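Undergrad: Structure: input_35.json, JSON, C-alpha atoms.
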```json
[["chain", "number", "residue", "atom", "x", "y", "z"],
["P", 16, "MET", "CA", 7.93, 133.40, 47.75],
["P", 17, "TYR", "CA", 8.69, 129.99, 49.23],
["P", 18, "VAL", "CA", 11.46, 129.78, 51.82],
["P", 19, "PHE", "CA", 13.26, 126.42, 51.92],
["P", 20, "ILE", "CA", 15.04, 125.21, 55.05],
["P", 21, "ILE", "CA", 17.41, 122.34, 54.16],
["P", 22, "ASN", "CA", 19.14, 120.21, 56.78],
["P", 23, "PRO", "CA", 22.35, 118.91, 55.12],
["P", 24, "THR", "CA", 22.76, 116.12, 57.69],
["P", 25, "SER", "CA", 19.30, 114.61, 57.19],
["P", 26, "GLY", "CA", 19.05, 111.22, 55.54],
["P", 27, "LYS", "CA", 22.80, 110.59, 55.75],
["P", 28, "GLY", "CA", 23.35, 113.70, 53.65],
["P", 29, "ALA", "CA", 20.69, 112.80, 51.09],
["P", 30, "ALA", "CA", 18.76, 116.01, 51.81],
["P", 31, "LEU", "CA", 21.16, 118.08, 49.70],
["P", 32, "LYS", "CA", 20.74, 115.79, 46.69],
["P", 33, "ILE", "CA", 16.98, 115.86, 47.17],
["P", 34, "TRP", "CA", 17.11, 119.65, 47.35],
["P", 35, "ARG", "CA", 18.96, 119.85, 44.01],
["P", 36, "ASP", "CA", 16.16, 117.81, 42.39],
["P", 37, "ILE", "CA", 13.51, 120.03, 43.98],
["P", 38, "GLU", "CA", 15.39, 123.16, 42.91],
["P", 39, "SER", "CA", 15.52, 121.98, 39.28],
["P", 40, "THR", "CA", 11.76, 121.59, 39.29],
["P", 41, "LEU", "CA", 11.25, 125.00, 40.91],
["P", 42, "LEU", "CA", 13.40, 126.64, 38.25],
["P", 43, "ALA", "CA", 11.61, 124.81, 35.43],
["P", 44, "ARG", "CA", 8.26, 126.00, 36.78],
["P", 45, "LYS", "CA", 9.62, 129.52, 37.43],
["P", 46, "ILE", "CA", 8.54, 129.40, 41.07],
["P", 47, "HIS", "CA", 10.08, 132.12, 43.23],
["P", 48, "TYR", "CA", 12.02, 130.79, 46.22],
["P", 49, "GLU", "CA", 14.90, 131.29, 48.64],
["P", 50, "ALA", "CA", 16.95, 128.50, 50.20],
["P", 51, "HIS", "CA", 18.80, 128.31, 53.48],
["P", 52, "ILE", "CA", 21.11, 125.51, 54.62],
["P", 53, "CYS", "CA", 20.15, 124.73, 58.22],
["P", 54, "VAL", "CA", 23.16, 123.87, 60.36],
["P", 55, "SER", "CA", 21.56, 124.48, 63.77],
["P", 56, "PRO", "CA", 18.13, 125.26, 65.25],
["P", 57, "GLU", "CA", 19.45, 128.59, 66.59],
["P", 58, "LEU", "CA", 20.71, 129.75, 63.21],
["P", 59, "THR", "CA", 17.45, 128.66, 61.57],
["P", 60, "ARG", "CA", 15.35, 130.67, 64.02],
["P", 61, "THR", "CA", 17.58, 133.74, 63.53],
["P", 62, "TYR", "CA", 17.25, 133.44, 59.76],
["P", 63, "MET", "CA", 13.49, 132.97, 59.98],
["P", 64, "MET", "CA", 13.10, 136.11, 62.09],
["P", 65, "GLU", "CA", 15.15, 138.15, 59.63],
["P", 66, "ILE", "CA", 13.31, 137.01, 56.52],
["P", 67, "TYR", "CA", 9.89, 137.18, 58.20],
["P", 68, "SER", "CA", 10.28, 140.90, 58.76],
["P", 69, "SER", "CA", 11.45, 141.68, 55.23],
["P", 70, "GLN", "CA", 9.64, 139.35, 52.80],
["P", 71, "SER", "CA", 6.18, 138.22, 51.76],
["P", 72, "ILE", "CA", 6.26, 134.44, 52.36],
["P", 73, "LYS", "CA", 3.84, 131.86, 50.93],
["P", 74, "ALA", "CA", 5.25, 129.02, 53.05],
["P", 75, "PHE", "CA", 8.32, 127.79, 54.88],
["P", 76, "VAL", "CA", 9.36, 124.47, 53.34],
["P", 77, "VAL", "CA", 11.44, 121.97, 55.33],
["P", 78, "VAL", "CA", 13.65, 119.49, 53.50],
["P", 79, "GLY", "CA", 14.77, 117.36, 56.41],
["P", 80, "GLY", "CA", 13.55, 115.26, 59.30],
["P", 81, "ASP", "CA", 11.28, 115.74, 62.29],
["P", 82, "GLY", "CA", 13.95, 117.61, 64.26],
["P", 83, "THR", "CA", 14.16, 120.28, 61.56],
["P", 84, "VAL", "CA", 10.37, 120.47, 61.43],
["P", 85, "SER", "CA", 10.37, 121.02, 65.19],
["P", 86, "SER", "CA", 12.84, 123.91, 65.04],
["P", 87, "VAL", "CA", 10.77, 125.65, 62.33],
["P", 88, "LEU", "CA", 7.48, 124.87, 64.05],
["P", 89, "GLN", "CA", 8.33, 126.95, 67.13],
["P", 90, "GLN", "CA", 8.04, 130.11, 65.03],
["P", 91, "LEU", "CA", 5.27, 129.04, 62.66],
["P", 92, "ALA", "CA", 3.01, 128.14, 65.57],
["P", 93, "VAL", "CA", 2.98, 131.87, 66.39],
["P", 94, "TRP", "CA", 2.96, 133.25, 62.85],
["P", 95, "ASN", "CA", 0.16, 132.72, 60.35],
["P", 96, "ILE", "CA", 2.49, 131.28, 57.70],
["P", 97, "PRO", "CA", 2.02, 127.77, 56.24],
["P", 98, "LEU", "CA", 4.51, 124.91, 56.60],
["P", 99, "ALA", "CA", 5.37, 122.34, 53.92],
["P", 100, "VAL", "CA", 7.48, 119.24, 54.56],
["P", 101, "PHE", "CA", 9.56, 117.10, 52.23],
["P", 102, "PRO", "CA", 10.66, 114.08, 54.33],
["P", 103, "ALA", "CA", 14.43, 113.58, 54.29],
["P", 104, "GLY", "CA", 15.22, 112.30, 57.80],
["P", 105, "SER", "CA", 15.53, 108.91, 59.47],
["P", 106, "GLY", "CA", 12.15, 108.88, 61.24],
["P", 107, "ASN", "CA", 9.89, 111.15, 59.15],
["P", 108, "ASP", "CA", 6.94, 110.72, 61.49],
["P", 109, "VAL", "CA", 5.30, 113.99, 60.41],
["P", 110, "ALA", "CA", 5.31, 112.87, 56.78],
["P", 111, "ARG", "CA", 4.22, 109.35, 57.68],
["P", 112, "ASN", "CA", 1.26, 110.52, 59.76],
["P", 113, "PHE", "CA", -0.01, 112.85, 57.03],
["P", 114, "GLY", "CA", 0.94, 110.61, 54.09],
["P", 115, "LEU", "CA", 3.18, 113.26, 52.50],
["P", 116, "VAL", "CA", 4.88, 112.53, 49.19],
["P", 117, "ALA", "CA", 8.64, 112.01, 48.89],
["P", 118, "GLU", "CA", 9.12, 112.53, 45.14],
["P", 119, "PRO", "CA", 10.50, 115.97, 44.17],
["P", 120, "GLU", "CA", 8.43, 116.71, 41.04],
["P", 121, "GLN", "CA", 5.20, 115.54, 42.63],
["P", 122, "PHE", "CA", 6.03, 117.51, 45.77],
["P", 123, "VAL", "CA", 6.55, 120.77, 43.86],
["P", 124, "GLU", "CA", 3.33, 120.21, 41.91],
["P", 125, "LEU", "CA", 1.36, 119.81, 45.15],
["P", 126, "LEU", "CA", 3.19, 122.71, 46.77],
["P", 127, "ALA", "CA", 2.15, 124.99, 43.92],
["P", 128, "ALA", "CA", -1.45, 123.74, 44.13],
["P", 129, "ASP", "CA", -1.53, 125.46, 47.54],
["P", 130, "GLU", "CA", -4.06, 123.22, 49.28],
["P", 131, "LYS", "CA", -3.96, 123.45, 53.10],
["P", 132, "ILE", "CA", -4.65, 121.29, 56.12],
["P", 133, "LEU", "CA", -5.51, 122.95, 59.44],
["P", 134, "ALA", "CA", -3.92, 120.88, 62.20],
["P", 135, "ASP", "CA", -3.84, 121.08, 65.98],
["P", 136, "LEU", "CA", -0.54, 121.28, 67.85],
["P", 137, "LEU", "CA", 0.67, 120.07, 71.21],
["P", 138, "TYR", "CA", 2.11, 122.60, 73.63],
["P", 139, "VAL", "CA", 4.36, 120.92, 76.20],
["P", 140, "ASN", "CA", 6.15, 122.95, 78.89],
["P", 141, "GLY", "CA", 6.50, 125.86, 76.49],
["P", 142, "THR", "CA", 7.46, 123.85, 73.37],
["P", 143, "TYR", "CA", 5.21, 123.17, 70.38],
["P", 144, "GLY", "CA", 4.97, 119.68, 68.93],
["P", 145, "ILE", "CA", 2.97, 118.04, 66.18],
["P", 146, "THR", "CA", 3.28, 114.27, 66.74],
["P", 147, "VAL", "CA", 3.43, 112.66, 70.22],
["P", 148, "ALA", "CA", 4.80, 113.71, 73.60],
["P", 149, "GLY", "CA", 6.34, 110.61, 75.18],
["P", 150, "ILE", "CA", 7.10, 110.51, 78.91],
["P", 151, "GLY", "CA", 8.92, 107.82, 80.87],
["P", 152, "MET", "CA", 10.09, 104.60, 79.25],
["P", 153, "ASP", "CA", 9.26, 105.66, 75.69],
["P", 154, "ALA", "CA", 11.35, 108.81, 76.15],
["P", 155, "GLU", "CA", 14.21, 106.71, 77.50],
["P", 156, "ILE", "CA", 13.91, 104.50, 74.43],
["P", 157, "GLY", "CA", 14.22, 107.58, 72.22],
["P", 158, "ILE", "CA", 17.24, 108.81, 74.16],
["P", 159, "ARG", "CA", 18.95, 105.42, 73.96],
["P", 160, "ALA", "CA", 18.22, 105.07, 70.24],
["P", 161, "ASP", "CA", 19.47, 108.55, 69.36],
["P", 162, "ARG", "CA", 22.73, 107.99, 71.25],
["P", 163, "SER", "CA", 23.31, 104.48, 69.93],
["P", 164, "PHE", "CA", 25.92, 103.34, 67.46],
["P", 165, "TYR", "CA", 23.39, 100.94, 65.90],
["P", 166, "LYS", "CA", 21.04, 103.74, 64.83],
["P", 167, "ARG", "CA", 23.82, 105.32, 62.77],
["P", 168, "LEU", "CA", 24.59, 101.91, 61.30],
["P", 169, "LEU", "CA", 20.96, 101.08, 60.54],
["P", 170, "ASN", "CA", 20.40, 104.51, 58.98],
["P", 171, "LYS", "CA", 22.91, 103.54, 56.30],
["P", 172, "PHE", "CA", 20.48, 100.82, 55.23],
["P", 173, "ASN", "CA", 17.35, 103.00, 55.67],
["P", 174, "ARG", "CA", 16.32, 100.89, 58.67],
["P", 175, "GLY", "CA", 16.58, 103.60, 61.32],
["P", 176, "SER", "CA", 13.27, 102.59, 62.94],
["P", 177, "VAL", "CA", 14.80, 99.22, 63.93],
["P", 178, "ALA", "CA", 17.02, 101.16, 66.35],
["P", 179, "TYR", "CA", 13.93, 101.98, 68.39],
["P", 180, "THR", "CA", 12.99, 98.29, 68.58],
["P", 181, "ILE", "CA", 16.46, 97.39, 69.86],
["P", 182, "SER", "CA", 16.41, 100.24, 72.37],
["P", 183, "ALA", "CA", 12.92, 99.22, 73.50],
["P", 184, "ILE", "CA", 14.11, 95.70, 74.34],
["P", 185, "ILE", "CA", 16.99, 97.10, 76.40],
["P", 186, "GLU", "CA", 14.80, 99.59, 78.28],
["P", 187, "LEU", "CA", 12.17, 96.94, 79.00],
["P", 188, "LEU", "CA", 14.82, 95.06, 80.94],
["P", 189, "ILE", "CA", 16.24, 97.97, 82.96],
["P", 190, "PHE", "CA", 13.63, 100.77, 83.19],
["P", 191, "LYS", "CA", 12.31, 101.58, 86.67],
["P", 192, "PRO", "CA", 8.69, 102.82, 86.73],
["P", 193, "PHE", "CA", 8.06, 106.11, 88.53],
["P", 194, "ARG", "CA", 5.34, 107.05, 90.98],
["P", 195, "GLY", "CA", 3.20, 109.55, 89.16],
["P", 196, "ARG", "CA", -0.03, 111.49, 89.16],
["P", 197, "ILE", "CA", -1.99, 112.30, 86.01],
["P", 198, "PHE", "CA", -4.46, 115.19, 85.90],
["P", 199, "VAL", "CA", -6.88, 115.56, 82.98],
["P", 200, "ASP", "CA", -8.61, 118.90, 82.49],
["P", 201, "GLY", "CA", -7.99, 119.78, 86.13],
["P", 202, "SER", "CA", -9.04, 116.50, 87.75],
["P", 203, "LEU", "CA", -6.76, 113.84, 89.24],
["P", 204, "ILE", "CA", -7.48, 110.69, 87.20],
["P", 205, "LEU", "CA", -4.59, 108.34, 87.97],
["P", 206, "GLN", "CA", -2.08, 107.99, 90.79],
["P", 207, "THR", "CA", 0.00, 104.92, 90.10],
["P", 208, "ASP", "CA", 3.35, 103.45, 89.06],
["P", 209, "LEU", "CA", 3.86, 104.71, 85.51],
["P", 210, "TRP", "CA", 5.87, 103.02, 82.78],
["P", 211, "LEU", "CA", 4.97, 105.37, 79.97],
["P", 212, "PHE", "CA", 2.63, 108.16, 79.01],
["P", 213, "ALA", "CA", 2.20, 109.00, 75.33],
["P", 214, "GLY", "CA", 0.12, 112.10, 74.60],
["P", 215, "GLY", "CA", -0.69, 112.16, 70.91],
["P", 216, "ASN", "CA", -1.87, 114.75, 68.46],
["P", 217, "LEU", "CA", -1.02, 112.17, 65.78],
["P", 218, "LYS", "CA", -0.98, 108.38, 65.92],
["P", 219, "MET", "CA", 2.68, 107.56, 65.26],
["P", 220, "TYR", "CA", 6.13, 108.37, 66.58],
["P", 221, "GLY", "CA", 9.56, 106.73, 66.87],
["P", 222, "GLY", "CA", 9.94, 106.01, 63.16],
["P", 223, "GLY", "CA", 6.41, 104.76, 62.51],
["P", 224, "LEU", "CA", 5.31, 103.15, 65.79],
["P", 225, "THR", "CA", 1.56, 103.59, 66.31],
["P", 226, "ILE", "CA", 1.18, 104.40, 70.01],
["P", 227, "CYS", "CA", -1.98, 106.56, 70.05],
["P", 228, "PRO", "CA", -4.45, 104.71, 67.82],
["P", 229, "TYR", "CA", -7.34, 107.09, 68.55],
["P", 230, "ALA", "CA", -5.45, 110.33, 67.86],
["P", 231, "ASP", "CA", -6.93, 112.86, 65.41],
["P", 232, "TYR", "CA", -5.03, 116.04, 64.53],
["P", 233, "SER", "CA", -8.24, 118.05, 64.04],
["P", 234, "ASP", "CA", -10.44, 117.11, 67.03],
["P", 235, "GLY", "CA", -9.03, 119.62, 69.54],
["P", 236, "LEU", "CA", -8.05, 116.85, 71.97],
["P", 237, "ILE", "CA", -4.94, 115.03, 73.17],
["P", 238, "ASP", "CA", -5.18, 111.24, 73.04],
["P", 239, "ALA", "CA", -3.16, 109.60, 75.80],
["P", 240, "THR", "CA", -1.96, 106.01, 75.99],
["P", 241, "ILE", "CA", -0.77, 105.09, 79.49],
["P", 242, "LEU", "CA", 1.02, 101.96, 80.65],
["P", 243, "HIS", "CA", 0.94, 101.71, 84.44],
["P", 244, "ASN", "CA", 1.04, 99.47, 87.51],
["P", 245, "ALA", "CA", 2.37, 96.50, 85.54],
["P", 246, "LYS", "CA", 4.74, 93.62, 86.24],
["P", 247, "ARG", "CA", 7.95, 93.69, 84.23],
["P", 248, "TRP", "CA", 7.44, 90.19, 82.82],
["P", 249, "LYS", "CA", 4.01, 91.17, 81.50],
["P", 250, "VAL", "CA", 5.27, 94.45, 80.02],
["P", 251, "LEU", "CA", 8.11, 92.58, 78.31],
["P", 252, "SER", "CA", 6.13, 89.58, 77.07],
["P", 253, "ARG", "CA", 2.80, 91.10, 76.14],
["P", 254, "LEU", "CA", 1.83, 94.68, 76.94],
["P", 255, "PHE", "CA", 4.58, 96.70, 75.24],
["P", 256, "PRO", "CA", 4.74, 94.47, 72.12],
["P", 257, "ASP", "CA", 0.94, 94.71, 71.83],
["P", 258, "LEU", "CA", 1.01, 98.50, 72.21],
["P", 259, "LEU", "CA", 3.50, 98.81, 69.39],
["P", 260, "LYS", "CA", 1.29, 96.81, 67.04],
["P", 261, "GLY", "CA", -0.89, 99.89, 66.90],
["P", 262, "GLU", "CA", -4.22, 98.33, 67.76],
["P", 263, "PRO", "CA", -6.05, 99.30, 70.98],
["P", 264, "ILE", "CA", -5.58, 96.64, 73.67],
["P", 265, "ILE", "CA", -7.78, 95.71, 76.60],
["P", 266, "ALA", "CA", -5.79, 95.27, 79.80],
["P", 267, "LYS", "CA", -6.07, 96.73, 83.28],
["P", 268, "GLU", "CA", -2.50, 98.06, 82.94],
["P", 269, "VAL", "CA", -3.30, 100.12, 79.82],
["P", 270, "THR", "CA", -5.51, 103.20, 79.99],
["P", 271, "TYR", "CA", -6.63, 105.44, 77.11],
["P", 272, "LEU", "CA", -7.70, 108.98, 77.94],
["P", 273, "LYS", "CA", -8.77, 112.09, 76.01],
["P", 274, "GLY", "CA", -8.56, 115.69, 77.14],
["P", 275, "LYS", "CA", -7.56, 119.24, 76.32],
["P", 276, "GLU", "CA", -4.98, 119.44, 79.11],
["P", 277, "PHE", "CA", -2.82, 116.88, 80.92],
["P", 278, "ILE", "CA", -0.45, 117.38, 83.83],
["P", 279, "ILE", "CA", 1.97, 114.59, 84.75],
["P", 280, "GLU", "CA", 3.83, 114.81, 88.06],
["P", 281, "GLY", "CA", 6.54, 112.34, 89.02],
["P", 282, "ASN", "CA", 8.58, 111.50, 92.08],
["P", 283, "ARG", "CA", 11.75, 112.08, 90.08],
["P", 284, "LYS", "CA", 12.87, 114.20, 87.13],
["P", 285, "LEU", "CA", 11.30, 112.66, 84.04],
["P", 286, "PRO", "CA", 12.60, 112.44, 80.49],
["P", 287, "TYR", "CA", 10.13, 113.43, 77.81],
["P", 288, "VAL", "CA", 10.38, 113.64, 74.06],
["P", 289, "ILE", "CA", 8.48, 115.77, 71.54],
["P", 290, "ASP", "CA", 8.99, 115.25, 67.81],
["P", 291, "GLY", "CA", 12.34, 113.63, 68.56],
["P", 292, "GLU", "CA", 13.57, 116.47, 70.80],
["P", 293, "ILE", "CA", 14.43, 115.41, 74.38],
["P", 294, "PHE", "CA", 13.74, 117.35, 77.59],
["P", 295, "HIS", "CA", 13.59, 116.67, 81.36],
["P", 296, "ALA", "CA", 11.23, 117.95, 84.08],
["P", 297, "ASP", "CA", 9.50, 116.70, 87.23],
["P", 298, "ARG", "CA", 6.18, 118.27, 86.17],
["P", 299, "ILE", "CA", 5.02, 118.14, 82.56],
["P", 300, "HIS", "CA", 2.10, 120.20, 81.28],
["P", 301, "LEU", "CA", 0.50, 119.25, 77.95],
["P", 302, "SER", "CA", -2.21, 121.26, 76.27],
["P", 303, "ILE", "CA", -3.69, 121.44, 72.78],
["P", 304, "ARG", "CA", -3.61, 124.43, 70.43],
["P", 305, "THR", "CA", -6.50, 123.94, 68.04],
["P", 306, "LYS", "CA", -5.92, 124.62, 64.33],
["P", 307, "ALA", "CA", -2.59, 126.25, 65.16],
["P", 308, "LEU", "CA", -0.75, 124.90, 62.10],
["P", 309, "ASN", "CA", -1.48, 125.64, 58.45],
["P", 310, "LEU", "CA", 0.14, 122.65, 56.70],
["P", 311, "VAL", "CA", 0.50, 122.60, 52.92],
["P", 312, "ASP", "CA", -1.21, 119.42, 51.74],
["P", 313, "THR", "CA", 1.40, 117.45, 49.82],
["P", 314, "SER", "CA", -0.23, 114.10, 50.61],
["P", 315, "LYS", "CA", -0.63, 111.23, 48.16],
["P", 316, "SER", "CA", -4.41, 111.24, 48.28]]
```
What does the file become when written as C-alpha cells?

TA:
Amino acid sequence: MYVFIINPTSGKGAALKIWRDIESTLLARKIHYEAHICVSPELTRTYMMEIYSSQSIKAFVVVGGDGTVSSVLQQLAVWNIPLAVFPAGSGNDVARNFGLVAEPEQFVELLAADEKILADLLYVNGTYGITVAGIGMDAEIGIRADRSFYKRLLNKFNRGSVAYTISAIIELLIFKPFRGRIFVDGSLILQTDLWLFAGGNLKMYGGGLTICPYADYSDGLIDATILHNAKRWKVLSRLFPDLLKGEPIIAKEVTYLKGKEFIIEGNRKLPYVIDGEIFHADRIHLSIRTKALNLVDTSKS
C-alpha cells in the first residue's frame, strides 16, 4: 500500500487539485493507497506512527513542498520505508535536485515501476535534511523571504524563488558577519569572520539556487561553501552574485571543503536553515548519514 501525505496549503492550494488527478490515475490502475491531509508536522508524525505499526507500506508519498518532505523525512530516516515526492510547493528543491516529474499520470507510472535511489542525508543538531544546511546570511535570507509579503505575492505568479533574490539584496546591505570557528572531521580548519556556511548534500536550495556545485548525494560527504573575511562592497558587487550563479569561483574569501562532519561555532546565536525549516543555535553540528534514504525514482531520465 502507498500512503499519501498531502499538504493542502502547498502551491497556493494547488496540491489538492493535483492530488485529485493523481487519485484518478491510482484508481484507474487499481493501485492500493491511503491518503492523509497534512495540516501540521505534528499531526503528520502522529499519523505516520499509527499507520506504520498497523500496515504494510510500500512507500510514503508526499504531495507538497520541501517543508512537508522534511516533516516526513524525520521518521523515514529511521525506518526502512521508501519516500516518493510529487512537487507541489513554492521551492521544490528536492524535486529540482533529483529531476522529479510533476505530471500526475507520469508520476504514478514511475511510482508503480518501483525503481529506487539510495541517497545520503544530512543530520544537523538532531534534525535530518536532504538538501543544504545554510548558516548565517543565507539562513537570514530564508527567514526574511519566508516572512515577507512579497513571497506570498510572487507565489501567485509561480515566481516564489524571486523572493529569495529580493531578500538576498536586503541582507547583503544589513547583515553583520559573525566570528566563527569551523571544524572538519575533528580538526580546526577556519577561524574567521563568517558571512555564510552552506553544507550541501545536494547542489541547490532556496528555490533553485546552486550554492554547493560539488555536492553529490551518494558520495558519503558534505560539501561546504563558505564565504568569509570579506568586505561588504565585494560581497555585494561580486562574491555573492557569483556564488548564486552556481559555478565554482576562485577568490580568497570563498572556501570549498569536503568532510563527513562539520562543527560551526559562533560568537552569537546563529540562524540556520535545513530544507526550508529554520532553527537557531550557537554551536551547529553537521554529519552525513550514508544511504539513509530510499527514494522512489520518479525522475525524468

Undergrad: Taking 2 positions as the minimum chain separation for residues in the same chain, which residues sit within 6 Å of Leu211 in chain P when counting all atoms listed in the file? Answer as a PyMOL selection string.

TA: chain P and resi 150-152+209+241-242

Undergrad: With all atoms listed in the file counted, which protein, DNA or RNA residues have an atom no more than 8 Å from (5.4, 124.3, 58.7) in the file frame? Please answer as a VMD selection string.

TA: chain P and resid 74 to 77 84 87 to 88 91 96 to 100 308 to 311

Undergrad: Could you save the residues just selected, with C-alpha atoms, as a PDB file, in the coordinates of the input?

TA:
```
ATOM      1  CA  ALA P  74       5.250 129.020  53.050  1.00  0.00           C
ATOM      2  CA  PHE P  75       8.320 127.790  54.880  1.00  0.00           C
ATOM      3  CA  VAL P  76       9.360 124.470  53.340  1.00  0.00           C
ATOM      4  CA  VAL P  77      11.440 121.970  55.330  1.00  0.00           C
ATOM      5  CA  VAL P  84      10.370 120.470  61.430  1.00  0.00           C
ATOM      6  CA  VAL P  87      10.770 125.650  62.330  1.00  0.00           C
ATOM      7  CA  LEU P  88       7.480 124.870  64.050  1.00  0.00           C
ATOM      8  CA  LEU P  91       5.270 129.040  62.660  1.00  0.00           C
ATOM      9  CA  ILE P  96       2.490 131.280  57.700  1.00  0.00           C
ATOM     10  CA  PRO P  97       2.020 127.770  56.240  1.00  0.00           C
ATOM     11  CA  LEU P  98       4.510 124.910  56.600  1.00  0.00           C
ATOM     12  CA  ALA P  99       5.370 122.340  53.920  1.00  0.00           C
ATOM     13  CA  VAL P 100       7.480 119.240  54.560  1.00  0.00           C
ATOM     14  CA  LEU P 308      -0.750 124.900  62.100  1.00  0.00           C
ATOM     15  CA  ASN P 309      -1.480 125.640  58.450  1.00  0.00           C
ATOM     16  CA  LEU P 310       0.140 122.650  56.700  1.00  0.00           C
ATOM     17  CA  VAL P 311       0.500 122.600  52.920  1.00  0.00           C
TER      18      VAL P 311
END
```

Undergrad: Give me, as a Markdown table, each residue of range 58-122 of chain P that comes within 10 Å of range 20-42 of chain P, together with its shortest interatomic pair and the distance in Å at one decimal, counting only C-alpha atoms, with rows ordered by chain and rising residue number.

TA:
```
| residue | atom | partner | partner_atom | distance |
| --- | --- | --- | --- | --- |
| P:Thr59 | CA | P:Ile20 | CA | 7.8 |
| P:Tyr62 | CA | P:Ile20 | CA | 9.7 |
| P:Met63 | CA | P:Ile20 | CA | 9.3 |
| P:Phe75 | CA | P:Ile20 | CA | 7.2 |
| P:Val76 | CA | P:Ile20 | CA | 6.0 |
| P:Val77 | CA | P:Ile20 | CA | 4.9 |
| P:Val78 | CA | P:Ile21 | CA | 4.8 |
| P:Gly79 | CA | P:Asn22 | CA | 5.2 |
| P:Gly80 | CA | P:Ser25 | CA | 6.2 |
| P:Asp81 | CA | P:Ser25 | CA | 9.6 |
| P:Gly82 | CA | P:Ser25 | CA | 9.4 |
| P:Thr83 | CA | P:Asn22 | CA | 6.9 |
| P:Val84 | CA | P:Ile20 | CA | 9.2 |
| P:Val87 | CA | P:Ile20 | CA | 8.5 |
| P:Val100 | CA | P:Ile20 | CA | 9.6 |
| P:Phe101 | CA | P:Ile33 | CA | 9.1 |
| P:Pro102 | CA | P:Ala30 | CA | 8.7 |
| P:Ala103 | CA | P:Gly26 | CA | 5.3 |
| P:Gly104 | CA | P:Gly26 | CA | 4.6 |
| P:Ser105 | CA | P:Gly26 | CA | 5.8 |
| P:Gly106 | CA | P:Gly26 | CA | 9.3 |
| P:Asn107 | CA | P:Gly26 | CA | 9.8 |
| P:Ala117 | CA | P:Ile33 | CA | 9.3 |
| P:Glu118 | CA | P:Ile37 | CA | 8.8 |
| P:Pro119 | CA | P:Ile37 | CA | 5.1 |
| P:Glu120 | CA | P:Thr40 | CA | 6.2 |
| P:Gln121 | CA | P:Thr40 | CA | 9.5 |
| P:Phe122 | CA | P:Ile37 | CA | 8.1 |
```

Undergrad: Counting all atoms listed in the file, figure out which residue out of P:Ser86, P:Thr225, P:Ser202, P:Ser302 gets nearest to Arg111 in chain P.

TA: P:Thr225

Undergrad: Please report the interatomic distance between CA of Met16 in chain P and CA of Glu65 in chain P in Å with one decimal.

TA: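 Value for the CA of Met16 in chain P-CA of Glu65 in chain P distance: 14.7 Å.
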
Undergrad: Would you mind listing what lies within 9 Å of Val139 in chain P as a PyMOL selection string, with only C-alpha atoms counted and same-chain residues fewer than 4 positions away left out?

TA: chain P and resi 143-144+148+289+299-303

Undergrad: Which neighbours of range 190-199 of chain P fall inside 12 Å, counting all atoms listed in the file, when residues of the same chain fewer than 5 positions from it are skipped, and could you give them as number ranges by chain?

TA: P: 150-156, 159, 182-185, 204-214, 236-247, 250-251, 270-286, 297-302

Undergrad: Would you output that residue set with C-alpha atoms, as a compact mmCIF listing (two decimals), in the coordinates of the input?

TA:
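After the write, part_5.txt holds the following:
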```
# COMPACT_ATOMS: atom_id res chain seq x y z
CA ILE P 150 7.10 110.51 78.91
CA GLY P 151 8.92 107.82 80.87
CA MET P 152 10.09 104.60 79.25
CA ASP P 153 9.26 105.66 75.69
CA ALA P 154 11.35 108.81 76.15
CA GLU P 155 14.21 106.71 77.50
CA ILE P 156 13.91 104.50 74.43
CA ARG P 159 18.95 105.42 73.96
CA SER P 182 16.41 100.24 72.37
CA ALA P 183 12.92 99.22 73.50
CA ILE P 184 14.11 95.70 74.34
CA ILE P 185 16.99 97.10 76.40
CA ILE P 204 -7.48 110.69 87.20
CA LEU P 205 -4.59 108.34 87.97
CA GLN P 206 -2.08 107.99 90.79
CA THR P 207 0.00 104.92 90.10
CA ASP P 208 3.35 103.45 89.06
CA LEU P 209 3.86 104.71 85.51
CA TRP P 210 5.87 103.02 82.78
CA LEU P 211 4.97 105.37 79.97
CA PHE P 212 2.63 108.16 79.01
CA ALA P 213 2.20 109.00 75.33
CA GLY P 214 0.12 112.10 74.60
CA LEU P 236 -8.05 116.85 71.97
CA ILE P 237 -4.94 115.03 73.17
CA ASP P 238 -5.18 111.24 73.04
CA ALA P 239 -3.16 109.60 75.80
CA THR P 240 -1.96 106.01 75.99
CA ILE P 241 -0.77 105.09 79.49
CA LEU P 242 1.02 101.96 80.65
CA HIS P 243 0.94 101.71 84.44
CA ASN P 244 1.04 99.47 87.51
CA ALA P 245 2.37 96.50 85.54
CA LYS P 246 4.74 93.62 86.24
CA ARG P 247 7.95 93.69 84.23
CA VAL P 250 5.27 94.45 80.02
CA LEU P 251 8.11 92.58 78.31
CA THR P 270 -5.51 103.20 79.99
CA TYR P 271 -6.63 105.44 77.11
CA LEU P 272 -7.70 108.98 77.94
CA LYS P 273 -8.77 112.09 76.01
CA GLY P 274 -8.56 115.69 77.14
CA LYS P 275 -7.56 119.24 76.32
CA GLU P 276 -4.98 119.44 79.11
CA PHE P 277 -2.82 116.88 80.92
CA ILE P 278 -0.45 117.38 83.83
CA ILE P 279 1.97 114.59 84.75
CA GLU P 280 3.83 114.81 88.06
CA GLY P 281 6.54 112.34 89.02
CA ASN P 282 8.58 111.50 92.08
CA ARG P 283 11.75 112.08 90.08
CA LYS P 284 12.87 114.20 87.13
CA LEU P 285 11.30 112.66 84.04
CA PRO P 286 12.60 112.44 80.49
CA ASP P 297 9.50 116.70 87.23
CA ARG P 298 6.18 118.27 86.17
CA ILE P 299 5.02 118.14 82.56
CA HIS P 300 2.10 120.20 81.28
CA LEU P 301 0.50 119.25 77.95
CA SER P 302 -2.21 121.26 76.27
```

Undergrad: Could you please give me, as a list in words, the residues of protein, DNA or RNA lying at most 12 Å from (-1.3, 111.9, 56.5) in the coordinate frame of the file, considering only C-alpha atoms?

TA: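 The requested residues, written out, are Val100, Asn107, Asp108, Val109, Ala110, Arg111, Asn112, Phe113, Gly114, Leu115, Val116, Ile132, Ala134, Thr146, Leu217, Lys218, Met219, Asp231, Tyr232, Ser233, Leu310, Val311, Asp312, Thr313, Ser314, Lys315 and Ser316 of chain P.
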
Undergrad: Could you jot down the CA of Ala307 in chain P to CA of Leu133 in chain P separation for me, Å, one decimal place?

TA: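 Interatomic distance here is 7.2 Å.
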
Undergrad: Which residue gives the smallest distance to Gly291 in chain P among P:Val54, P:Ile145, P:Val123, P:Val177, with only C-alpha atoms counted?

TA: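 Going through P:Val54, P:Ile145, P:Val123, P:Val177 one by one, the smallest distance to Gly291 in chain P is for P:Ile145.
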